[in-house]
Amino acid sequence: MKQQNKWINFIVVVAVLIVINVLGAYVFHRFDFTADKRFTLSEKTKSLLEKNEKPVIVTVFLKGELPPAFIRLQAAVSDILSDYKAYSKADFKLVYVDPLAGLSTQEQDTVIYNLAQNGIEATRTTLKTESGSTEKLVVPMAMIESNGKQMPVKLLQNFNVAGSYEENINRSIENLEYTLTSSLKKVINGYNPRIGFTESNGELSDLQLYDARASLANNYVVGRVDLNTITKEGLDKLNMMVIAKPKKPFTETEKYKINYFVMNGGKVLWSIDQVTAELDSLRGRGGQMATNNNLNLDDMLFMYGARINYNIIADPANSAEIPVSTGAVGGQGQMQLLPWIYYPILLPDTIHSVVKNLDGIKSEFPSTVDTIGAKGVTKSYILSTSPYNKVYNTPKPFSLQMVAEQLNPKEFQSVPQNVGILLEGNFPSVFAGRPLPAGITAPFTTAITSKPGKMIIIGDGDVFKNQVSEKDGSPFPLGFDRYSQRTFGNKALLLNIVDYFTDEDNLIALRNKEVKIRLLDKAKIKLEKTKWQFINVVAPLLLLIFFAIFQHYYRKYKYAK
């Protein structure tokens with residue numbers, strides 16, 4: 001009877017295993033027991049993959065001998081793409097290549113140049129080791145191809161040589177799903193929203209906006225908008241308007257067109273200098289008096305729910321550096337990088353997805369931004385200074401000699417000053433009940449409140465301006481500071497805002513995923529290295545030998561009876 005029960009149990013186990021394997025061939029499910037659900041795709045990503053019918057090819061260039069910090073990123077990329085492949089109804093092909101494997105230095109340079117033409121950028125990393133440091137050239141990029149289109153994808157986000165690799169890698173892993181899903185959606189759907197940078201009021205030039213426009217051109221239709229000549233039909237074709245550092249007052253006609261765009265649900269990004277302060281104006285002259293800018297926009301922004309104040313923020317605790325001549329050495333002036341407290345590095349809010357996990361944002365003579373009560377409009381502060389700051393009202397004199405001033409710490413004890421704000425909702429019309437301005441023969445709309453819309457107001461006109469080389473006049477990447485050789489988060493901020501404004505599925509919410517970093521204590525590892533090597537290598541072997549000896553004598557004792 002016992003023998004028969006054993007056979008029955010064996011048959012039942014085999015049958016269960018067969019059923020599980022058959023079901024597994026038709027039903028896919030991944031069990032994620034991690035607390036932060038790092039291996040679980042969002043429903044938005046699953047829906048995109050399940051609805052897609054077009055073959056997709058993803059080529060990952062992060063392969064080969066990698067620095068230890070990048071191996072974790074490589075594993076995370078492989079894991080998440082395996083899930084994409086499993087959930088995809090269409091053919092989803094994954095290709096992993098090391099484009100620099102086995103190549104000489106000269107051959108690597110050629111390959112890197114060719115990859116760069118397609119948006120694939122290599123990164124030279126410097127990693128600290130116990131014996132010093134080592135350099136490694138890696139390509140933390142991927143290329144998504146589908147529907148006759150291809151798009152490069154940056155797997156390593158927020159890279160900054162001044163920061164720790166662990167933090168950069170962890171933030172990159174947190175953003176992987178958003179980065180891959182948003183790129184995949186753009187490739188599959190082929191939808192290219194239209195973005196217009198205004199140019200009729202002395203805004204930033206094409207050269208100053210070169211990298212901003214070039215970075216957006218891969219996924220959007222980008223151009224300049226002249227508010228004097230654009231028609232109602234032209235405004236209807238726009239999805240987003242960027243007003244970056246205007247210098248001349250807006251006419252009522254121009255404001256009417258902006259207001260119509262807002263009433264129609266258009267998204268507006270305001271990057272406004274409320275005061276006339278420029279570092280270039282201080283060079284070669286004794287100083288400059290910073291005065292108020294008359295842009296004729298105060299009433300408009302007030303109606304929408306915000307106000308940019310006529311002041312300048314100084315932040316000695318967190319500011320960018322500028323080159324300053326510190327004297328003559330051998331008959332020539334010596335340049336030195338010194339903190340310029342009127343160039344605060346703005347801190348992104350840690351909660352809102354549009355700025356979550358961004359590096360600091362470089363600003364130049366920013367002003368504070370306040371909220372005004374507006375029915376039906378919600379407000380969220382997204383950019384601010386450090387708590388150690390001081391606000392100066394204008395007019396205010398400036399000179400480069402101020403960089404050497406001794407600061408009184410007590411004067412800068414304050415609270416964070418808000419410089420960027422997000423407004424969302426139904427905005428009131430600025431022209432409701434008012435006569436049509438000159439040049440408008442018939443009303444564009446009679447609406448007194450807008451369709452659901454969004455706008456971001458930043459109290460600095462230079463946030464999206466790229467620097468230009470003094471040698472050959474070529475533009476630097478947006479956010480890159482040619483003096484300190486540091487890259488700030490300005491470009492990532494622009495890309496996030498555009499994604500947030502133009503993506504109806506709100507995929508940027510995927511950036512809210514947090515992967516808790518669990519790093520080993522390096523100091524403790526160094527002090528207790530031998531101990532943990534013994535525990536992890538020798539101890540298991542000793543235990544194995546002990547149980548083998550125990551089992552030998554136990555069997556001998558048991559069967560000797």
# chains A, B, ... in the order shown; residues from 1 in each chain; ligands from 1

$ closest_atom_pairs --of "segment 396-478 of chain A" --to "segment 240-243 of chain A" --cutoff "12 Å" --atoms "only C-alpha atoms" --output "Markdown table"
| residue | atom | partner | partner_atom | distance |
| --- | --- | --- | --- | --- |
| A:Gly453 | CA | A:Met240 | CA | 10.4 |
| A:Lys454 | CA | A:Met240 | CA | 9.6 |
| A:Met455 | CA | A:Met240 | CA | 9.3 |
| A:Ile456 | CA | A:Val242 | CA | 9.8 |
| A:Ile457 | CA | A:Ile243 | CA | 9.8 |
| A:Ile458 | CA | A:Ile243 | CA | 10.4 |
| A:Gly459 | CA | A:Ile243 | CA | 11.9 |
| A:Asp460 | CA | A:Ile243 | CA | 11.2 |
| A:Gly461 | CA | A:Ile243 | CA | 8.8 |
| A:Asp462 | CA | A:Ile243 | CA | 11.2 |
| A:Val463 | CA | A:Ile243 | CA | 11.6 |
| A:Phe464 | CA | A:Val242 | CA | 10.0 |
| A:Lys465 | CA | A:Ile243 | CA | 11.9 |

$ select_by_dssp --residues "segment 77-238 of chain A" --states "strand (DSSP E)" --output "ChimeraX atom specification"
/A:92-96,123-129,132-138,141-146,149-154,194-198,221-225

$ closest_residue --among "A:Asn189, A:Asn264, A:Gln274, A:Asn218" --to "Lys237 of chain A" --atoms "only C-alpha atoms"
A:Asn264

$ closest_residue --among "A:Ile322, A:Leu422, A:Ile230, A:Ala290" --to "Ile440 of chain A" --atoms "only C-alpha atoms"
A:Ile230

$ closest_residue --among "A:Pro67, A:Pro140, A:Pro55, A:Pro443" --to "Lys89 of chain A" --atoms "only C-alpha atoms"
A:Pro55

$ residues_around --residues "Thr441 of chain A" --least-positions-apart "3" --cutoff "12 Å" --atoms "only C-alpha atoms" --output "list in words"
Thr231, Lys232, Thr253, Pro435, Leu436, Pro437, Ala438 and Phe444 of chain A

$ write_last_selection --atoms "N, CA and C atoms" --output "PDB file, in the first residue's frame"
ATOM      1  N   THR A 231      -1.013  83.581 -38.095  1.00  0.00           N
ATOM      2  CA  THR A 231      -2.469  83.656 -38.188  1.00  0.00           C
ATOM      3  C   THR A 231      -3.125  82.718 -37.188  1.00  0.00           C
ATOM      4  N   LYS A 232      -4.444  82.805 -37.105  1.00  0.00           N
ATOM      5  CA  LYS A 232      -5.205  81.902 -36.238  1.00  0.00           C
ATOM      6  C   LYS A 232      -4.965  80.459 -36.656  1.00  0.00           C
ATOM      7  N   THR A 253      -1.770  93.097 -29.467  1.00  0.00           N
ATOM      8  CA  THR A 253      -2.083  92.136 -30.529  1.00  0.00           C
ATOM      9  C   THR A 253      -1.324  90.832 -30.307  1.00  0.00           C
ATOM     10  N   PRO A 435     -12.188  95.113 -25.861  1.00  0.00           N
ATOM     11  CA  PRO A 435     -12.252  95.282 -27.314  1.00  0.00           C
ATOM     12  C   PRO A 435     -11.084  94.583 -27.990  1.00  0.00           C
ATOM     13  N   LEU A 436     -11.274  94.242 -29.260  1.00  0.00           N
ATOM     14  CA  LEU A 436     -10.204  93.585 -30.014  1.00  0.00           C
ATOM     15  C   LEU A 436      -9.045  94.554 -30.224  1.00  0.00           C
ATOM     16  N   PRO A 437      -7.815  94.072 -30.081  1.00  0.00           N
ATOM     17  CA  PRO A 437      -6.655  94.951 -30.317  1.00  0.00           C
ATOM     18  C   PRO A 437      -6.465  95.239 -31.802  1.00  0.00           C
ATOM     19  N   ALA A 438      -5.608  96.186 -32.100  1.00  0.00           N
ATOM     20  CA  ALA A 438      -5.352  96.581 -33.484  1.00  0.00           C
ATOM     21  C   ALA A 438      -4.834  95.399 -34.296  1.00  0.00           C
ATOM     22  N   PHE A 444     -10.821  85.613 -32.488  1.00  0.00           N
ATOM     23  CA  PHE A 444     -10.350  84.241 -32.690  1.00  0.00           C
ATOM     24  C   PHE A 444     -11.200  83.263 -31.889  1.00  0.00           C
TER      25      PHE A 444
END

$ select_by_dssp --residues "segment 280-370 of chain A" --states "helix (DSSP H, G or I)" --output "ChimeraX atom specification"
/A:280-282,298-304

$ residues_around --residues "Leu115 of chain A" --least-positions-apart "4" --cutoff "12 Å" --atoms "only C-alpha atoms" --output "PyMOL selection string"
chain A and resi 61+99-100+108-111+119-122+139+141-143+152

$ write_last_selection --atoms "C-alpha atoms" --output "JSON list (two decimals), in the first residue's frame"
[["chain", "number", "residue", "atom", "x", "y", "z"],
["A", 61, "PHE", "CA", 25.67, 49.13, -27.12],
["A", 99, "PRO", "CA", 31.04, 48.55, -30.94],
["A", 100, "LEU", "CA", 34.60, 49.08, -29.67],
["A", 108, "GLN", "CA", 37.75, 53.38, -32.16],
["A", 109, "ASP", "CA", 37.83, 57.08, -33.03],
["A", 110, "THR", "CA", 36.36, 56.34, -36.46],
["A", 111, "VAL", "CA", 33.60, 54.15, -34.98],
["A", 119, "GLY", "CA", 23.06, 60.16, -32.04],
["A", 120, "ILE", "CA", 25.01, 57.37, -30.30],
["A", 121, "GLU", "CA", 27.49, 58.98, -27.90],
["A", 122, "ALA", "CA", 30.42, 57.35, -26.14],
["A", 139, "VAL", "CA", 28.75, 53.50, -24.94],
["A", 141, "MET", "CA", 23.25, 53.99, -25.39],
["A", 142, "ALA", "CA", 20.62, 52.01, -27.27],
["A", 143, "MET", "CA", 18.94, 52.41, -30.65],
["A", 152, "PRO", "CA", 18.88, 56.85, -30.03]]

$ atom_distance --atom1 "atom CA of Ala244 of chain A" --atom2 "atom CA of Thr502 of chain A"
18.3 Å

$ residues_around --residues "Val262 of chain A" --least-positions-apart "2" --cutoff "8 Å" --atoms "only C-alpha atoms" --output "VMD selection string"
chain A and resid 258 to 260 264 to 268 427 450 to 451 453

$ write_last_selection --atoms "N, CA and C atoms" --output "mmCIF file, in the first residue's frame"
data_model
loop_
_atom_site.group_PDB
_atom_site.id
_atom_site.type_symbol
_atom_site.label_atom_id
_atom_site.label_comp_id
_atom_site.auth_asym_id
_atom_site.auth_seq_id
_atom_site.Cartn_x
_atom_site.Cartn_y
_atom_site.Cartn_z
ATOM 1 N N ILE A 258 -1.278 85.068 -28.039
ATOM 2 C CA ILE A 258 -0.849 84.122 -26.995
ATOM 3 C C ILE A 258 -2.052 83.664 -26.181
ATOM 4 N N ASN A 259 -2.925 84.615 -25.835
ATOM 5 C CA ASN A 259 -4.114 84.282 -25.043
ATOM 6 C C ASN A 259 -5.023 83.319 -25.786
ATOM 7 N N TYR A 260 -5.191 83.528 -27.097
ATOM 8 C CA TYR A 260 -6.001 82.592 -27.883
ATOM 9 C C TYR A 260 -5.384 81.203 -27.856
ATOM 10 N N ASN A 264 -7.163 77.817 -26.359
ATOM 11 C CA ASN A 264 -7.356 76.643 -27.200
ATOM 12 C C ASN A 264 -6.677 75.405 -26.623
ATOM 13 N N GLY A 265 -6.150 75.515 -25.407
ATOM 14 C CA GLY A 265 -5.503 74.366 -24.766
ATOM 15 C C GLY A 265 -4.020 74.260 -25.046
ATOM 16 N N GLY A 266 -3.431 75.303 -25.669
ATOM 17 C CA GLY A 266 -2.007 75.271 -25.962
ATOM 18 C C GLY A 266 -1.159 75.370 -24.708
ATOM 19 N N LYS A 267 0.033 74.780 -24.763
ATOM 20 C CA LYS A 267 0.962 74.784 -23.636
ATOM 21 C C LYS A 267 2.026 75.855 -23.874
ATOM 22 N N VAL A 268 2.344 76.616 -22.813
ATOM 23 C CA VAL A 268 3.303 77.709 -22.936
ATOM 24 C C VAL A 268 4.406 77.550 -21.891
ATOM 25 N N PHE A 427 -7.545 78.204 -17.623
ATOM 26 C CA PHE A 427 -7.088 79.569 -17.394
ATOM 27 C C PHE A 427 -8.137 80.595 -17.822
ATOM 28 N N SER A 450 -10.192 78.729 -20.622
ATOM 29 C CA SER A 450 -9.510 77.888 -21.598
ATOM 30 C C SER A 450 -9.915 76.426 -21.483
ATOM 31 N N LYS A 451 -9.579 75.682 -22.514
ATOM 32 C CA LYS A 451 -9.600 74.231 -22.408
ATOM 33 C C LYS A 451 -8.498 73.836 -21.425
ATOM 34 N N GLY A 453 -5.270 73.177 -19.852
ATOM 35 C CA GLY A 453 -3.944 73.522 -20.370
ATOM 36 C C GLY A 453 -2.879 73.493 -19.292
#

$ residues_around --residues "Ser325 of chain A" --least-positions-apart "6" --cutoff "9 Å" --atoms "only C-alpha atoms" --output "ChimeraX atom specification"
/A:333-337

$ closest_residue --among "A:Asn496, A:Asn201, A:Asn536, A:Ser146" --to "Thr179 of chain A" --atoms "only C-alpha atoms"
A:Asn496

$ residues_around --residues "Thr125 of chain A" --least-positions-apart "5" --cutoff "8 Å" --atoms "only C-alpha atoms" --output "PDB file with N, CA, C and O atoms, in the first residue's frame"
ATOM      1  N   GLU A 135      40.674  54.646 -16.608  1.00  0.00           N
ATOM      2  CA  GLU A 135      39.746  55.207 -17.590  1.00  0.00           C
ATOM      3  C   GLU A 135      39.197  54.100 -18.475  1.00  0.00           C
ATOM      4  O   GLU A 135      39.900  53.143 -18.814  1.00  0.00           O
ATOM      5  N   LYS A 136      37.943  54.252 -18.860  1.00  0.00           N
ATOM      6  CA  LYS A 136      37.292  53.272 -19.711  1.00  0.00           C
ATOM      7  C   LYS A 136      36.311  53.992 -20.621  1.00  0.00           C
ATOM      8  O   LYS A 136      35.547  54.853 -20.176  1.00  0.00           O
ATOM      9  N   LEU A 137      36.340  53.650 -21.902  1.00  0.00           N
ATOM     10  CA  LEU A 137      35.418  54.232 -22.867  1.00  0.00           C
ATOM     11  C   LEU A 137      34.239  53.285 -23.047  1.00  0.00           C
ATOM     12  O   LEU A 137      34.421  52.123 -23.446  1.00  0.00           O
ATOM     13  N   VAL A 138      33.043  53.738 -22.715  1.00  0.00           N
ATOM     14  CA  VAL A 138      31.843  52.915 -22.833  1.00  0.00           C
ATOM     15  C   VAL A 138      30.808  53.655 -23.665  1.00  0.00           C
ATOM     16  O   VAL A 138      30.892  54.874 -23.854  1.00  0.00           O
ATOM     17  N   VAL A 161      30.726  64.084 -14.027  1.00  0.00           N
ATOM     18  CA  VAL A 161      31.975  63.536 -13.507  1.00  0.00           C
ATOM     19  C   VAL A 161      32.234  63.966 -12.073  1.00  0.00           C
ATOM     20  O   VAL A 161      33.028  63.361 -11.361  1.00  0.00           O
TER      21      VAL A 161
END

$ closest_residue --among "A:Tyr500, A:Phe302, A:Phe250, A:Phe261" --to "Gly234 of chain A" --atoms "only C-alpha atoms"
A:Phe261

$ atom_distance --atom1 "atom CA of Lys63 of chain A" --atom2 "atom CA of Ala75 of chain A"
10.1 Å

$ closest_atom_pairs --of "segment 154-246 of chain A" --to "segment 44-48 of chain A" --cutoff "8 Å" --atoms "only C-alpha atoms" --output "CSV"
residue,atom,partner,partner_atom,distance
A:Glu177,CA,A:Thr45,CA,8.0
A:Thr181,CA,A:Thr45,CA,6.2
A:Lys185,CA,A:Leu48,CA,7.3

$ closest_residue --among "A:Phe488, A:Gly439, A:Asp211, A:Pro323" --to "Thr251 of chain A" --atoms "only C-alpha atoms"
A:Gly439

$ decode --residues "segment 528-541 of chain A" --atoms "N, CA, C and O atoms" --output "PDB file, in the first residue's frame"
ATOM      1  N   GLU A 528      37.448  45.219   6.937  1.00  0.00           N
ATOM      2  CA  GLU A 528      37.062  43.846   7.262  1.00  0.00           C
ATOM      3  C   GLU A 528      37.120  42.942   6.033  1.00  0.00           C
ATOM      4  O   GLU A 528      36.368  41.978   5.919  1.00  0.00           O
ATOM      5  N   LYS A 529      37.993  43.271   5.077  1.00  0.00           N
ATOM      6  CA  LYS A 529      38.073  42.531   3.821  1.00  0.00           C
ATOM      7  C   LYS A 529      38.365  41.045   4.049  1.00  0.00           C
ATOM      8  O   LYS A 529      37.693  40.168   3.514  1.00  0.00           O
ATOM      9  N   THR A 530      39.385  40.754   4.879  1.00  0.00           N
ATOM     10  CA  THR A 530      39.781  39.357   5.125  1.00  0.00           C
ATOM     11  C   THR A 530      38.656  38.579   5.812  1.00  0.00           C
ATOM     12  O   THR A 530      38.383  37.414   5.481  1.00  0.00           O
ATOM     13  N   LYS A 531      38.005  39.231   6.754  1.00  0.00           N
ATOM     14  CA  LYS A 531      36.910  38.585   7.489  1.00  0.00           C
ATOM     15  C   LYS A 531      35.811  38.143   6.545  1.00  0.00           C
ATOM     16  O   LYS A 531      35.349  36.987   6.597  1.00  0.00           O
ATOM     17  N   TRP A 532      35.381  39.050   5.658  1.00  0.00           N
ATOM     18  CA  TRP A 532      34.262  38.712   4.774  1.00  0.00           C
ATOM     19  C   TRP A 532      34.670  37.767   3.655  1.00  0.00           C
ATOM     20  O   TRP A 532      33.850  36.989   3.168  1.00  0.00           O
ATOM     21  N   GLN A 533      35.939  37.799   3.261  1.00  0.00           N
ATOM     22  CA  GLN A 533      36.405  36.803   2.306  1.00  0.00           C
ATOM     23  C   GLN A 533      36.350  35.409   2.919  1.00  0.00           C
ATOM     24  O   GLN A 533      35.970  34.433   2.263  1.00  0.00           O
ATOM     25  N   PHE A 534      36.726  35.315   4.200  1.00  0.00           N
ATOM     26  CA  PHE A 534      36.662  34.021   4.886  1.00  0.00           C
ATOM     27  C   PHE A 534      35.218  33.539   4.991  1.00  0.00           C
ATOM     28  O   PHE A 534      34.913  32.378   4.715  1.00  0.00           O
ATOM     29  N   ILE A 535      34.297  34.476   5.386  1.00  0.00           N
ATOM     30  CA  ILE A 535      32.891  34.094   5.564  1.00  0.00           C
ATOM     31  C   ILE A 535      32.270  33.639   4.248  1.00  0.00           C
ATOM     32  O   ILE A 535      31.496  32.675   4.205  1.00  0.00           O
ATOM     33  N   ASN A 536      32.614  34.297   3.157  1.00  0.00           N
ATOM     34  CA  ASN A 536      31.969  34.017   1.874  1.00  0.00           C
ATOM     35  C   ASN A 536      32.637  32.906   1.075  1.00  0.00           C
ATOM     36  O   ASN A 536      31.990  32.296   0.218  1.00  0.00           O
ATOM     37  N   VAL A 537      33.920  32.643   1.342  1.00  0.00           N
ATOM     38  CA  VAL A 537      34.628  31.643   0.534  1.00  0.00           C
ATOM     39  C   VAL A 537      34.980  30.403   1.359  1.00  0.00           C
ATOM     40  O   VAL A 537      34.636  29.277   0.990  1.00  0.00           O
ATOM     41  N   VAL A 538      35.636  30.611   2.476  1.00  0.00           N
ATOM     42  CA  VAL A 538      36.142  29.468   3.252  1.00  0.00           C
ATOM     43  C   VAL A 538      35.035  28.837   4.096  1.00  0.00           C
ATOM     44  O   VAL A 538      34.918  27.603   4.155  1.00  0.00           O
ATOM     45  N   ALA A 539      34.227  29.647   4.741  1.00  0.00           N
ATOM     46  CA  ALA A 539      33.191  29.115   5.631  1.00  0.00           C
ATOM     47  C   ALA A 539      32.249  28.144   4.929  1.00  0.00           C
ATOM     48  O   ALA A 539      31.943  27.070   5.476  1.00  0.00           O
ATOM     49  N   PRO A 540      31.730  28.449   3.722  1.00  0.00           N
ATOM     50  CA  PRO A 540      30.848  27.469   3.053  1.00  0.00           C
ATOM     51  C   PRO A 540      31.544  26.137   2.791  1.00  0.00           C
ATOM     52  O   PRO A 540      30.917  25.072   2.912  1.00  0.00           O
ATOM     53  N   LEU A 541      32.834  26.173   2.444  1.00  0.00           N
ATOM     54  CA  LEU A 541      33.561  24.922   2.204  1.00  0.00           C
ATOM     55  C   LEU A 541      33.700  24.108   3.492  1.00  0.00           C
ATOM     56  O   LEU A 541      33.554  22.874   3.487  1.00  0.00           O
TER      57      LEU A 541
END
